[in-house]
file work30.csv (CSV, C-alpha atoms)
chain,number,residue,atom,x,y,z
A,1,MET,CA,78.6,115.7,102.5
A,2,SER,CA,80.0,116.4,105.9
A,3,ILE,CA,78.0,116.0,109.2
A,4,THR,CA,79.2,117.0,112.7
A,5,TRP,CA,77.1,115.7,115.6
A,6,THR,CA,77.3,116.5,119.3
A,7,ASP,CA,75.9,114.0,121.8
A,8,HIS,CA,73.5,115.8,124.0
A,9,VAL,CA,74.2,113.5,127.0
A,10,THR,CA,78.1,113.4,127.1
A,11,GLY,CA,79.2,116.2,124.8
A,12,HIS,CA,81.2,113.8,122.7
A,13,ARG,CA,81.3,114.6,119.0
A,14,GLY,CA,80.8,112.3,116.0
A,15,PHE,CA,81.4,112.8,112.3
A,16,LEU,CA,80.2,111.4,109.0
A,17,VAL,CA,81.8,112.3,105.6
A,18,VAL,CA,80.5,111.0,102.3
A,19,ASP,CA,83.2,111.6,99.8
A,20,ARG,CA,81.4,110.2,96.7
A,21,LEU,CA,78.4,108.2,95.7
A,22,VAL,CA,78.2,105.5,93.1
A,23,ARG,CA,74.6,104.5,92.2
A,24,GLY,CA,73.6,106.5,95.2
A,25,VAL,CA,75.6,104.5,97.8
A,26,ALA,CA,78.9,104.9,99.7
A,27,SER,CA,80.8,102.5,101.8
A,28,GLY,CA,83.1,103.1,104.8
A,29,GLY,CA,83.5,101.9,108.4
A,30,LEU,CA,82.8,103.7,111.7
A,31,ARG,CA,85.7,104.2,114.1
A,32,MET,CA,85.7,105.3,117.7
A,33,ARG,CA,88.8,106.8,119.4
A,34,ALA,CA,89.6,109.6,121.7
A,35,GLY,CA,90.8,112.6,119.6
A,36,CYS,CA,89.1,111.6,116.4
A,37,THR,CA,88.6,114.7,114.1
A,38,LEU,CA,86.6,115.8,111.1
A,39,GLU,CA,89.8,116.2,109.2
A,40,GLU,CA,90.8,112.6,109.9
A,41,VAL,CA,87.3,111.2,108.9
A,42,THR,CA,87.5,113.3,105.7
A,43,GLY,CA,90.8,111.8,104.7
A,44,LEU,CA,89.5,108.3,105.5
A,45,ALA,CA,86.4,108.8,103.4
A,46,ARG,CA,88.5,109.9,100.4
A,47,GLY,CA,90.6,106.7,100.9
A,48,MET,CA,87.5,104.6,100.8
A,49,THR,CA,86.6,106.0,97.4
A,50,MET,CA,90.0,104.9,96.2
A,51,LYS,CA,89.8,101.4,97.8
A,52,GLU,CA,86.4,100.8,96.1
A,53,ALA,CA,87.7,102.0,92.7
A,54,LEU,CA,90.9,99.9,92.9
A,55,HIS,CA,88.8,96.7,93.3
A,56,TYR,CA,86.7,97.2,90.3
A,57,ASP,CA,86.6,94.0,88.2
A,58,PRO,CA,84.4,94.3,85.0
A,59,ASP,CA,83.9,90.6,85.1
A,60,GLY,CA,82.8,90.5,88.8
A,61,ARG,CA,79.4,90.8,90.3
A,62,TYR,CA,80.6,93.3,92.9
A,63,ILE,CA,80.4,96.8,91.5
A,64,PRO,CA,82.3,99.4,93.5
A,65,LEU,CA,80.4,101.8,95.7
A,66,GLY,CA,81.4,105.3,96.7
A,67,GLY,CA,83.6,106.2,99.7
A,68,ALA,CA,82.5,107.4,103.1
A,69,LYS,CA,83.6,107.2,106.7
A,70,GLY,CA,82.3,107.8,110.2
A,71,GLY,CA,84.1,108.6,113.4
A,72,ILE,CA,83.3,109.3,117.1
A,73,ASP,CA,85.6,111.2,119.4
A,74,CYS,CA,85.4,109.0,122.4
A,75,ASP,CA,87.6,106.4,124.1
A,76,PRO,CA,85.9,103.0,123.3
A,77,ARG,CA,86.8,101.9,126.9
A,78,ASP,CA,84.8,104.7,128.4
A,79,PRO,CA,81.7,103.2,130.2
A,80,ALA,CA,79.6,105.8,128.3
A,81,ALA,CA,80.9,104.7,124.9
A,82,TYR,CA,78.2,102.3,123.9
A,83,GLY,CA,75.5,104.8,124.7
A,84,VAL,CA,77.3,107.4,122.5
A,85,LEU,CA,77.5,104.8,119.7
A,86,VAL,CA,73.8,104.1,119.8
A,87,ARG,CA,72.9,107.7,119.9
A,88,PHE,CA,75.2,108.5,117.0
A,89,LEU,CA,73.7,105.7,114.8
A,90,ARG,CA,70.2,106.9,115.8
A,91,ALA,CA,71.1,110.4,114.6
A,92,MET,CA,72.7,109.0,111.4
A,93,ARG,CA,69.8,106.6,110.8
A,94,PRO,CA,68.4,108.4,107.7
A,95,THR,CA,71.8,108.3,106.1
A,96,VAL,CA,72.5,104.7,107.0
A,97,GLU,CA,69.1,103.7,105.6
A,98,SER,CA,69.7,105.5,102.3
A,99,VAL,CA,73.3,106.1,101.3
A,100,TRP,CA,75.9,105.0,103.9
A,101,THR,CA,76.9,101.4,104.4
A,102,THR,CA,79.1,101.0,107.4
A,103,GLY,CA,80.8,98.4,109.8
A,104,GLU,CA,83.5,98.0,112.3
A,105,ASP,CA,86.7,100.0,112.3
A,106,LEU,CA,89.3,101.1,114.8
A,107,GLY,CA,87.9,100.8,118.4
A,108,LEU,CA,84.7,98.9,117.4
A,109,THR,CA,83.9,95.3,116.6
A,110,GLN,CA,81.2,94.3,114.1
A,111,ASP,CA,79.2,92.6,116.8
A,112,LEU,CA,79.1,95.9,118.8
A,113,VAL,CA,78.1,97.9,115.7
A,114,ASP,CA,75.4,95.4,114.8
A,115,ARG,CA,74.0,95.5,118.4
A,116,ALA,CA,74.0,99.3,118.5
A,117,ALA,CA,72.5,99.5,115.0
A,118,ALA,CA,69.6,97.3,116.1
A,119,GLU,CA,69.1,99.4,119.2
A,120,ALA,CA,69.1,102.5,117.1
A,121,GLY,CA,66.2,101.1,115.0
A,122,LEU,CA,68.2,100.1,111.9
A,123,VAL,CA,67.6,96.9,110.0
A,124,SER,CA,71.4,96.6,109.3
A,125,SER,CA,74.5,98.8,109.1
A,126,ILE,CA,74.7,98.0,105.4
A,127,GLN,CA,71.0,98.2,104.5
A,128,ALA,CA,71.6,101.1,102.0
A,129,VAL,CA,73.2,98.6,99.6
A,130,TYR,CA,70.2,96.1,99.6
A,131,PRO,CA,68.3,97.8,96.7
A,132,LEU,CA,71.4,97.1,94.5
A,133,LEU,CA,71.3,93.3,95.1
A,134,ASP,CA,69.8,90.9,92.6
A,135,ASP,CA,68.5,88.6,95.4
A,136,GLU,CA,68.6,90.4,98.7
A,137,ARG,CA,67.5,87.4,100.8
A,138,ALA,CA,70.1,85.1,99.4
A,139,ALA,CA,72.8,87.7,99.6
A,140,ARG,CA,72.1,88.5,103.3
A,141,ARG,CA,72.1,84.8,104.1
A,142,ARG,CA,75.4,84.3,102.3
A,143,LEU,CA,77.0,87.2,104.3
A,144,ALA,CA,75.5,85.9,107.6
A,145,ASP,CA,76.9,82.5,106.9
A,146,ALA,CA,80.3,83.9,106.1
A,147,PHE,CA,80.4,85.8,109.5
A,148,ALA,CA,79.6,82.5,111.2
A,149,VAL,CA,82.7,80.8,109.8
A,150,GLU,CA,85.6,80.4,112.2
A,151,VAL,CA,89.2,79.4,111.4
A,152,ASP,CA,91.3,78.2,114.4
A,153,GLY,CA,88.7,79.8,116.7
A,154,ILE,CA,88.8,83.2,115.0
A,155,GLY,CA,86.0,84.6,112.9
A,156,LEU,CA,86.6,84.7,109.1
A,157,ASP,CA,85.7,88.4,109.1
A,158,ALA,CA,88.5,89.1,111.6
A,159,LEU,CA,91.1,87.3,109.4
A,160,VAL,CA,90.5,88.4,105.7
A,161,GLY,CA,91.9,91.9,106.2
A,162,GLY,CA,95.1,90.6,107.8
A,163,CYS,CA,95.3,88.0,105.0
A,164,GLY,CA,95.3,90.9,102.5
A,165,VAL,CA,97.9,92.9,104.4
A,166,ALA,CA,100.2,89.8,104.7
A,167,GLU,CA,99.8,89.1,101.0
A,168,SER,CA,100.8,92.7,100.1
A,169,ALA,CA,104.0,92.3,102.1
A,170,LEU,CA,104.7,88.9,100.6
A,171,ALA,CA,104.2,90.3,97.1
A,172,ALA,CA,106.7,93.1,97.8
A,173,LEU,CA,109.3,90.6,99.2
A,174,ASP,CA,108.8,88.4,96.1
A,175,ARG,CA,109.4,91.3,93.7
A,176,ALA,CA,112.6,92.1,95.7
A,177,GLY,CA,113.7,88.5,95.7
A,178,LEU,CA,114.0,88.4,99.5
A,179,PRO,CA,113.3,84.9,100.9
A,180,TYR,CA,110.6,84.8,103.6
A,181,ALA,CA,112.9,83.0,106.1
A,182,ARG,CA,115.3,86.0,106.0
A,183,ALA,CA,112.6,88.6,106.6
A,184,ARG,CA,111.8,90.0,110.1
A,185,VAL,CA,108.6,91.8,111.0
A,186,SER,CA,107.5,94.4,113.6
A,187,VAL,CA,103.8,95.0,114.1
A,188,GLN,CA,102.2,98.0,115.9
A,189,GLY,CA,98.8,96.9,117.2
A,190,LEU,CA,97.7,93.3,117.8
A,191,GLY,CA,94.0,93.9,117.3
A,192,THR,CA,91.9,92.5,114.5
A,193,MET,CA,94.1,93.6,111.6
A,194,GLY,CA,97.5,93.5,113.3
A,195,GLY,CA,96.9,90.1,114.9
A,196,ALA,CA,95.7,88.5,111.7
A,197,THR,CA,98.6,90.0,109.8
A,198,ALA,CA,101.1,88.7,112.3
A,199,ARG,CA,99.6,85.2,112.1
A,200,PHE,CA,99.6,85.0,108.3
A,201,LEU,CA,103.2,86.4,108.0
A,202,SER,CA,104.4,84.0,110.7
A,203,ARG,CA,102.8,81.1,109.1
A,204,ALA,CA,104.4,82.1,105.7
A,205,GLY,CA,107.8,81.7,107.4
A,206,LEU,CA,108.6,85.3,108.4
A,207,SER,CA,109.9,86.0,111.9
A,208,VAL,CA,107.8,88.4,113.9
A,209,VAL,CA,110.4,90.0,116.2
A,210,ALA,CA,108.3,92.8,117.8
A,211,VAL,CA,104.7,93.7,118.5
A,212,ALA,CA,103.4,96.8,120.2
A,213,ASP,CA,100.2,97.5,122.2
A,214,VAL,CA,99.1,100.2,124.6
A,215,LYS,CA,101.4,98.8,127.3
A,216,GLY,CA,104.5,99.0,125.2
A,217,THR,CA,106.6,96.8,122.8
A,218,ILE,CA,107.2,93.1,123.2
A,219,ALA,CA,110.4,92.1,121.4
A,220,ASN,CA,112.5,89.0,120.8
A,221,PRO,CA,115.3,89.1,118.1
A,222,ASP,CA,114.9,85.3,117.7
A,223,GLY,CA,111.2,85.6,117.0
A,224,LEU,CA,108.0,85.8,119.2
A,225,ASP,CA,105.5,83.1,119.7
A,226,VAL,CA,102.7,84.8,117.7
A,227,GLU,CA,100.1,82.2,118.5
A,228,ALA,CA,100.7,82.5,122.3
A,229,LEU,CA,100.5,86.3,122.1
A,230,LEU,CA,97.2,86.1,120.1
A,231,ALA,CA,95.8,83.7,122.7
A,232,ALA,CA,96.8,86.1,125.5
A,233,ARG,CA,95.3,89.3,124.1
A,234,ASP,CA,92.1,91.0,125.3
A,235,ALA,CA,89.3,92.4,123.2
A,236,TYR,CA,91.3,95.6,122.5
A,237,GLY,CA,94.5,93.7,121.4
A,238,THR,CA,96.4,94.2,124.7
A,239,VAL,CA,98.6,91.2,125.5
A,240,ASP,CA,98.7,89.7,129.0
A,241,ARG,CA,102.4,89.9,129.9
A,242,ALA,CA,102.1,86.7,131.9
A,243,ALA,CA,102.2,84.9,128.5
A,244,LEU,CA,105.7,86.2,127.7
A,245,ARG,CA,108.6,83.7,127.5
A,246,PRO,CA,112.0,84.2,129.2
A,247,GLY,CA,113.6,85.6,126.0
A,248,ASP,CA,110.8,88.1,125.4
A,249,ALA,CA,111.7,91.7,126.4
A,250,GLU,CA,109.3,94.5,127.4
A,251,LEU,CA,110.4,97.7,125.7
A,252,PRO,CA,109.0,101.3,125.4
A,253,ALA,CA,106.0,101.9,123.2
A,254,ASP,CA,108.0,103.3,120.3
A,255,ALA,CA,110.6,100.6,120.2
A,256,TRP,CA,108.7,98.7,117.5
A,257,LEU,CA,110.0,101.3,115.0
A,258,SER,CA,113.6,100.3,115.5
A,259,ALA,CA,113.2,96.6,116.1
A,260,GLY,CA,115.6,95.4,113.5
A,261,ALA,CA,112.9,94.3,111.1
A,262,GLU,CA,112.8,94.4,107.3
A,263,VAL,CA,109.0,95.0,107.4
A,264,LEU,CA,107.1,97.4,109.6
A,265,VAL,CA,103.3,96.9,109.9
A,266,PRO,CA,101.6,99.9,111.6
A,267,ALA,CA,98.2,98.3,112.3
A,268,ALA,CA,96.9,100.5,115.1
A,269,VAL,CA,96.3,104.3,114.9
A,270,SER,CA,96.5,107.0,112.2
A,271,TYR,CA,99.5,109.3,112.2
A,272,ALA,CA,101.8,106.8,114.0
A,273,ILE,CA,104.9,107.7,112.0
A,274,ASP,CA,105.8,111.4,111.7
A,275,ALA,CA,108.8,113.5,110.5
A,276,ASP,CA,110.5,113.1,113.8
A,277,ASN,CA,110.2,109.4,114.7
A,278,GLN,CA,110.7,108.2,111.2
A,279,ARG,CA,114.4,108.6,111.9
A,280,ALA,CA,114.2,105.4,114.1
A,281,VAL,CA,112.9,103.3,111.1
A,282,THR,CA,115.5,100.9,109.7
A,283,ALA,CA,113.1,98.7,107.8
A,284,ARG,CA,113.0,98.4,104.0
A,285,TRP,CA,109.2,98.3,103.8
A,286,ILE,CA,106.3,99.9,105.7
A,287,VAL,CA,103.1,98.1,105.0
A,288,GLU,CA,100.2,100.3,106.1
A,289,ALA,CA,97.6,98.0,107.7
A,290,ALA,CA,96.1,101.0,109.6
A,291,ASN,CA,94.5,103.9,107.9
A,292,MET,CA,96.8,106.9,107.3
A,293,PRO,CA,99.6,105.8,109.7
A,294,VAL,CA,102.4,107.5,107.9
A,295,LEU,CA,102.2,111.3,107.6
A,296,PRO,CA,103.1,112.8,104.2
A,297,ALA,CA,106.2,114.6,105.4
A,298,ALA,CA,107.5,111.4,107.0
A,299,GLU,CA,106.8,109.4,103.8
A,300,GLU,CA,108.9,111.8,101.8
A,301,LEU,CA,111.8,111.5,104.2
A,302,LEU,CA,111.5,107.7,104.3
A,303,ALA,CA,111.5,107.6,100.5
A,304,ALA,CA,114.7,109.6,100.4
A,305,ARG,CA,116.3,107.0,102.7
A,306,GLY,CA,115.1,104.1,100.4
A,307,VAL,CA,112.2,103.0,102.6
A,308,THR,CA,109.1,101.9,100.5
A,309,VAL,CA,105.7,102.7,102.0
A,310,LEU,CA,102.9,100.4,100.7
A,311,PRO,CA,99.9,102.6,101.0
A,312,ASP,CA,96.8,101.9,103.1
A,313,VAL,CA,94.4,102.4,100.2
A,314,VAL,CA,95.8,99.2,98.6
A,315,VAL,CA,97.1,97.2,101.6
A,316,ASN,CA,94.1,97.2,104.0
A,317,SER,CA,91.4,97.2,101.4
A,318,GLY,CA,90.8,93.4,101.6
A,319,THR,CA,88.2,93.5,104.4
A,320,ASN,CA,85.9,96.0,102.7
A,321,ALA,CA,86.2,94.1,99.4
A,322,TRP,CA,85.5,90.7,101.1
A,323,TRP,CA,82.2,92.0,102.4
A,324,TRP,CA,81.1,92.9,98.9
A,325,TRP,CA,82.6,89.9,97.1
A,326,THR,CA,80.5,87.8,99.5
A,327,LEU,CA,77.3,89.9,99.5
A,328,PHE,CA,77.2,90.2,95.7
A,329,GLY,CA,78.1,86.5,95.2
A,330,ASP,CA,81.6,86.5,93.7
A,331,ILE,CA,82.6,84.1,96.5
A,332,GLY,CA,80.7,81.9,98.9
A,333,PRO,CA,80.7,81.8,102.7
A,334,ASP,CA,83.9,79.7,102.7
A,335,ALA,CA,87.3,80.4,104.3
A,336,GLU,CA,89.3,78.8,101.5
A,337,GLN,CA,87.4,80.8,98.8
A,338,ALA,CA,87.8,84.0,100.8
A,339,PHE,CA,91.5,83.6,101.4
A,340,ALA,CA,92.3,82.5,97.8
A,341,HIS,CA,90.3,85.4,96.3
A,342,THR,CA,91.8,87.9,98.7
A,343,ARG,CA,95.3,86.7,98.0
A,344,ARG,CA,94.8,86.8,94.2
A,345,SER,CA,93.3,90.3,94.3
A,346,MET,CA,95.7,91.8,96.7
A,347,ARG,CA,98.8,90.4,95.0
A,348,ALA,CA,97.5,91.7,91.7
A,349,LEU,CA,96.9,95.2,93.2
A,350,ILE,CA,100.3,95.4,94.8
A,351,ASP,CA,102.0,94.2,91.6
A,352,ARG,CA,100.1,96.8,89.5
A,353,THR,CA,100.9,99.5,92.0
A,354,LEU,CA,104.6,98.8,92.3
A,355,ALA,CA,105.0,98.3,88.5
A,356,ARG,CA,103.3,101.7,87.9
A,357,ALA,CA,105.6,103.3,90.6
A,358,GLU,CA,108.7,101.8,88.9
A,359,ARG,CA,107.6,102.8,85.4
A,360,ASP,CA,106.8,106.4,86.3
A,361,GLY,CA,109.4,107.0,88.9
A,362,ILE,CA,106.8,107.8,91.6
A,363,SER,CA,105.9,106.6,95.0
A,364,PRO,CA,103.5,103.6,95.5
A,365,ARG,CA,100.9,106.0,96.9
A,366,ALA,CA,101.1,108.2,93.9
A,367,ALA,CA,100.9,105.1,91.7
A,368,ALA,CA,97.7,104.0,93.5
A,369,HIS,CA,96.2,107.4,92.9
A,370,ALA,CA,97.2,107.1,89.2
A,371,LEU,CA,95.5,103.7,88.9
A,372,VAL,CA,92.3,105.2,90.5
A,373,ALA,CA,92.4,108.1,88.0
A,374,ASP,CA,92.6,105.6,85.2
A,375,ARG,CA,89.5,103.9,86.4
A,376,LEU,CA,87.3,106.9,87.2
A,377,PRO,CA,86.3,107.6,83.6
A,378,VAL,CA,85.2,104.0,83.1
A,379,LEU,CA,83.2,104.0,86.4
A,380,ALA,CA,81.7,107.4,85.6
A,381,GLU,CA,80.6,106.1,82.1
A,382,ARG,CA,79.2,102.9,83.4
A,383,PHE,CA,77.7,103.7,86.7
A,384,GLY,CA,77.7,107.4,87.3
A,385,TRP,CA,80.1,108.9,90.0
A,386,TYR,CA,78.8,111.9,91.8
A,387,ARG,CA,80.5,114.3,94.1
call {"tool": "encode", "arguments": {"input": "work30.csv", "output": "C-alpha cells"}}
result
Amino acid sequence: MSITWTDHVTGHRGFLVVDRLVRGVASGGLRMRAGCTLEEVTGLARGMTMKEALHYDPDGRYIPLGGAKGGIDCDPRDPAAYGVLVRFLRAMRPTVESVWTTGEDLGLTQDLVDRAAAEAGLVSSIQAVYPLLDDERAARRRLADAFAVEVDGIGLDALVGGCGVAESALAALDRAGLPYARARVSVQGLGTMGGATARFLSRAGLSVVAVADVKGTIANPDGLDVEALLAARDAYGTVDRAALRPGDAELPADAWLSAGAEVLVPAAVSYAIDADNQRAVTARWIVEAANMPVLPAAEELLAARGVTVLPDVVVNSGTNAWWWWTLFGDIGPDAEQAFAHTRRSMRALIDRTLARAERDGISPRAAAHALVADRLPVLAERFGWYR
C-alpha cells in the first residue's frame, strides 16, 4: 500500500508505504528531510520487512511484524515543519490506529513524534500493535519505563541503536582478527545513531579519527575526544566548533570518506556514497548505520576493491528490535539487559550474515536477503505474511 499526501497549508508532500503485513500490522519509522521521495520510502519499507524477519526468534515473545515506512519532504529545521508533521499524522491516523506502528527516524525525535501524535488525536504512534499484546497495560508501562532510563545523561532509546551498530563493527573486526586498538573509525553524522555508535566504538578501544556534520568534517589522526564532541552537539547533531582541541582540523564535508580509517560509518543520510565518491574510500569496512547510504553501483565497485559493506538491514536493526523486545517482554526496562541482549543478537546476525556470504561467495547484503528468504516460509506458515 502506497499513499502520497500533500499538505494543504504548505504544499509539502508526505509518503507512507506498507510493504508487508504480519498478523495485520507493519512496523517502520517516520523520517523528515528535504528531498524525501516515494521511491526512498518504498525502499525503506522493504528494508523494514527484512529487519523484522531477521530478528525472528522462535523462543522469544517478540514475534516479527511486517515492514512499513513514512517520510515527509520537508526540512525539519523549517519553522513550519512541526505543523506539517501534525497534519501528516492526522491524515494517516486511520492507518496508525490499525496497521502502521511508527516512531522516530531521520530528522525527528521520539519526543517530537509523540507530541505530534497526541495533537493529531492518536493514543500512541504504536497503538496498532496493542491488540497483539498479552497484557497491554504492563507492556506499555514497561516501554515507558525503558524510555525513562538514562545512561550518562543520554536516554536508553538513543543508545541501543548505536550499540547494535558498534557491535556489528566489532564482530567484523573479530572475524578478521584485527585488534580494536589498531582500528580507526570515521563517522558521518553525529546525531542519535552516529553519536551513540562513536561512543560505543571509542569505549571499546577504537580510535575515532573523523566525524562529519552539516558544517563539514572534524578530523584528528591521533583520535578525537568523542565525549567532548557529543557534549557540544545540538539537537540535530551539529558540533559547536568552539569545543575543538588544537589538534582537531576542520575539513570539507566529504573528507570523512578518506580519513585514513579502517571502518567507515555512514550514519546520516541515504545515498551518501555513490559511484563517483566511492573512489575516495580507503576503509576496509563500511558499516551502514543510516538507511540505504551506499548506492548499489557504488557497492559493486567497492566490493571489487575489497571493501566490505555491512548492510543496513542488519546493522541498524537494533533500535527497532529493542522496542519490541521491551514491549513484548523479552527484556525489562533496564540498560544492562538492553545492551546485553542487543549485543548478543547483533553479533549473531552479523556472524550468520558473513558466514553465509563466505559460504556462497556473495556480498553480505545478498547473504542477508538469503537469510530472510529462508525465514519467510516459516513465518508464512506460523503467522501469515501478506503482500
call {"tool": "closest_residue", "arguments": {"input": "work30.csv", "among": "A:Cys163, A:Ala128, A:Leu54, A:Val294", "to": "Glu336 (chain A)", "atoms": "all atoms listed in the file"}}
result
A:Cys163
call {"tool": "closest_residue", "arguments": {"input": "work30.csv", "among": "A:Val22, A:Ala335, A:Ala259, A:Ile218", "to": "Ala243 (chain A)", "atoms": "all atoms listed in the file"}}
result
A:Ile218
call {"tool": "closest_atom_pairs", "arguments": {"input": "work30.csv", "of": "region 263-372 of chain A", "to": "region 82-101 of chain A", "cutoff": "12 Å", "atoms": "only C-alpha atoms", "output": "Markdown table"}}
result
| residue | atom | partner | partner_atom | distance |
| --- | --- | --- | --- | --- |
| A:Asn320 | CA | A:Thr101 | CA | 10.6 |
| A:Trp323 | CA | A:Thr101 | CA | 11.0 |
| A:Trp324 | CA | A:Thr101 | CA | 11.0 |
call {"tool": "atom_distance", "arguments": {"input": "work30.csv", "atom1": "CA of Ala228 (chain A)", "atom2": "CA of Gly162 (chain A)"}}
result
17.5 Å
call {"tool": "closest_residue", "arguments": {"input": "work30.csv", "among": "A:Ala219, A:Ala275, A:Ile126, A:Met50", "to": "Pro311 (chain A)", "atoms": "all atoms listed in the file"}}
result
A:Met50
call {"tool": "residues_around", "arguments": {"input": "work30.csv", "residues": "Arg115 (chain A)", "least_positions_apart": "5", "cutoff": "10 Å", "atoms": "all atoms listed in the file", "output": "JSON, numbers by chain"}}
result
{"A": [82, 86, 110, 120, 122, 124, 125]}
call {"tool": "closest_residue", "arguments": {"input": "work30.csv", "among": "A:Arg140, A:Arg284, A:Arg233, A:Lys215", "to": "Glu250 (chain A)", "atoms": "only C-alpha atoms"}}
result
A:Lys215
call {"tool": "residues_around", "arguments": {"input": "work30.csv", "residues": "region 143-147 of chain A", "least_positions_apart": "4", "cutoff": "10 Å", "atoms": "all atoms listed in the file", "output": "PyMOL selection string"}}
result
chain A and resi 110+138-139+155-158+322-329+331-335+338
call {"tool": "closest_residue", "arguments": {"input": "work30.csv", "among": "A:Ala171, A:Gly66, A:Ala348, A:Asp213", "to": "Asp240 (chain A)", "atoms": "only C-alpha atoms"}}
result
A:Asp213
call {"tool": "atom_distance", "arguments": {"input": "work30.csv", "atom1": "CA of Leu133 (chain A)", "atom2": "CA of Ala116 (chain A)"}}
result
24.3 Å
call {"tool": "residues_around", "arguments": {"input": "work30.csv", "residues": "Ile350 (chain A)", "least_positions_apart": "5", "cutoff": "9 Å", "atoms": "only C-alpha atoms", "output": "MDAnalysis selection string"}}
result
chainID A and resid 167:169 171:172 310 314:315 345 355 364
